[in-house]
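Visitor: Sharing a structure below in structure tokens format, with a few things to ask.
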Amino acid sequence: MRIASTEIYDDFQRKLITGFFRPGSKLKPSSLQGAYGCSANTVRDVLLRLSRVGLVEFEMQRGFRAREASPQRRSDIARFRILLEQTGAALSIENGDLEWEVKLSAAHHKLVHVERQMDRSERSQEEVEVWSDAEREFHETLISRCDSPVLRETYANIYVQFRQQIVFQERNFEGDFYKVIIREHQSIVDAALARNTEACKQAIYDHVKRNL
């Protein structure tokens, strides 16, 4: 069955930000088309779109590659993510209503459940994808009432680049990794629901600062 290009895009993006495609690995449309029941041109168009959000690199004569990961790029993206998320969260705290609080609480509840499961499991590729989706939903819900489409769009692009960088460099997420981020997410949601802007901004910084 032929898959819509939007579904192909979403699947590629998910694989790029969860370590399925290793940074620097070649992405050949002719080799990938079979998995989606589409033409090589469709895959090429999807990869070009992903290159525009920074997940894929394209060079004439060399084709497509998953973007390389490096501590320098990770730090740069992390710094920009903090600025965007702090701004978006502050505006959402100011503008958010009861519906925003309910959605944020629900997204956090799901995320905590997933992260507790991740802390106890072997963390298969499928589980990493579920975790990635849940964390993205939580952070995007946090800034969803900033009332700035440009900020949200920019944040979405930065967020997926950030995930691509950290998932490969911390592929095993050993030790107390999940216990720590469960506490960090709790601090963020507590501050947001208490409408404590400064505490929320600090919690966001504390959550991302290890990547600086």
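Following the order of the structure tokens, first chain is A, next is B, and so on, with residues numbered from 1 inside each chain and ligands from 1 in the order they appear.
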With a cut-off of 6 Å, could you pull out the residues of range 10-107 of chain A touching range 139-161 of chain A and give me the nearest pair of atoms for each, distance in Å to one decimal, using only C-alpha atoms, ordered by chain and ascending number, as CSV?
Guide:
```
residue,atom,partner,partner_atom,distance
A:Val53,CA,A:Asn157,CA,5.6
A:Gly88,CA,A:Ile143,CA,4.6
A:Ala89,CA,A:Ile143,CA,4.7
A:Leu91,CA,A:Cys146,CA,4.6
A:Ser92,CA,A:Arg145,CA,4.3
A:Gly96,CA,A:Arg145,CA,5.6
A:Leu104,CA,A:Thr141,CA,5.8
```
Visitor: For the residues in the current selection, export C-alpha atoms as a PDB file, in the first residue's frame.
Guide:
```
ATOM      1  CA  VAL A  53      14.953  21.806   9.176  1.00  0.00           C
ATOM      2  CA  GLY A  88       7.552  30.457  25.029  1.00  0.00           C
ATOM      3  CA  ALA A  89       6.871  29.155  28.533  1.00  0.00           C
ATOM      4  CA  LEU A  91       4.263  33.805  27.432  1.00  0.00           C
ATOM      5  CA  SER A  92       2.182  30.665  27.915  1.00  0.00           C
ATOM      6  CA  GLY A  96      -2.630  30.128  29.302  1.00  0.00           C
ATOM      7  CA  LEU A 104      -0.004  20.325  30.068  1.00  0.00           C
TER       8      LEU A 104
END
```
Visitor: Can you tell me, as a list in words, what residues are no more than 10 Å from Lys103 in chain A when counting only C-alpha atoms, ignoring any on the same chain fewer than 2 positions away?
Guide: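 Listing them by chain and then by number gives Leu98, Glu99, Trp100, Glu101, Ser105, Ala106, Ala107, His108, His109, Glu137, Phe138, Thr141, Leu142 and Ser144 of chain A.
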Visitor: Applying 9 Å and only C-alpha atoms, which residues near Ser5 in chain A remain after dropping the ones on its own chain fewer than 6 positions away? List them as a ChimeraX atom specification.
Guide: /A:38,42-43,45-46
Visitor: Restricting the calculation to only C-alpha atoms: of A:Arg116, A:Lys110, A:Lys201, A:Arg22, which residue gets closest to Tyr178 in chain A?
Guide: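 Result for the nearest residue to Tyr178 in chain A: A:Arg116.
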Visitor: Which polymer residues have any atom within 12 Å of an atom of Leu212 in chain A, counting only C-alpha atoms, with same-chain residues fewer than 6 positions away left out, as a list in words?
Guide: Ser70, Pro71, Gln72, Arg73, Arg74, Ser75, Asp76, Ile77, Ala78, Arg79, Phe80, Arg81, Ile82, Phe162, Ile166, Tyr205 and Asp206 of chain A
Visitor: Hey, which of A:Val167, A:Ile204, A:Glu68, A:Leu55 ends up closest to Arg183 in chain A? Count only C-alpha atoms.
Guide: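 For Arg183 in chain A, the nearest of the candidates is A:Ile204.
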Visitor: Could you go through chain A and tell me which residues DSSP, when run on the backbone, assigns to strand (DSSP E), listing them as an MDAnalysis selection string?
Guide: chainID A and resid 26:27 56:59 63:66
Visitor: Store the residues picked out above in a file with C-alpha atoms, as a PDB file, in the first residue's frame.
Guide:
```pdb
ATOM      1  CA  LYS A  26      24.162   7.924   3.744  1.00  0.00           C
ATOM      2  CA  LEU A  27      20.469   8.123   2.895  1.00  0.00           C
ATOM      3  CA  VAL A  56      19.715  16.003   6.867  1.00  0.00           C
ATOM      4  CA  GLU A  57      22.710  17.320   4.932  1.00  0.00           C
ATOM      5  CA  PHE A  58      22.677  17.456   1.137  1.00  0.00           C
ATOM      6  CA  GLU A  59      25.591  18.024  -1.218  1.00  0.00           C
ATOM      7  CA  GLY A  63      23.693  13.027  -1.982  1.00  0.00           C
ATOM      8  CA  PHE A  64      21.979  12.919   1.410  1.00  0.00           C
ATOM      9  CA  ARG A  65      23.396  12.126   4.819  1.00  0.00           C
ATOM     10  CA  ALA A  66      21.998  12.225   8.332  1.00  0.00           C
TER      11      ALA A  66
END
```
Visitor: DSSP on the backbone: what in range 93-176 of chain A comes out helix (DSSP H, G or I), as a ChimeraX atom specification?
Guide: /A:93-95,98-120,125-142,149-169
Visitor: Have a look at CA of Ile188 in chain A and CA of Leu16 in chain A and let me know their distance in Å, one decimal.
Guide: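 If I compute the distance from CA of Ile188 in chain A to CA of Leu16 in chain A, I get 26.5 Å.
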Visitor: Between A:Arg195, A:His185, A:Arg44, A:Arg210, which is the closest to Ser30 in chain A once you count only C-alpha atoms?
Guide: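 For Ser30 in chain A, the nearest of the candidates is A:Arg44.
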Visitor: Considering only C-alpha atoms, state which residue in the set A:Leu84, A:Val208, A:Ile181, A:Val128 is at the smallest distance from Val112 in chain A.
Guide: A:Ile181
Visitor: Hey, which of A:Leu32, A:Ile182, A:Val102, A:Ala69 ends up closest to Gln165 in chain A? Count only C-alpha atoms.
Guide: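 The closest residue to Gln165 in chain A is A:Ala69.
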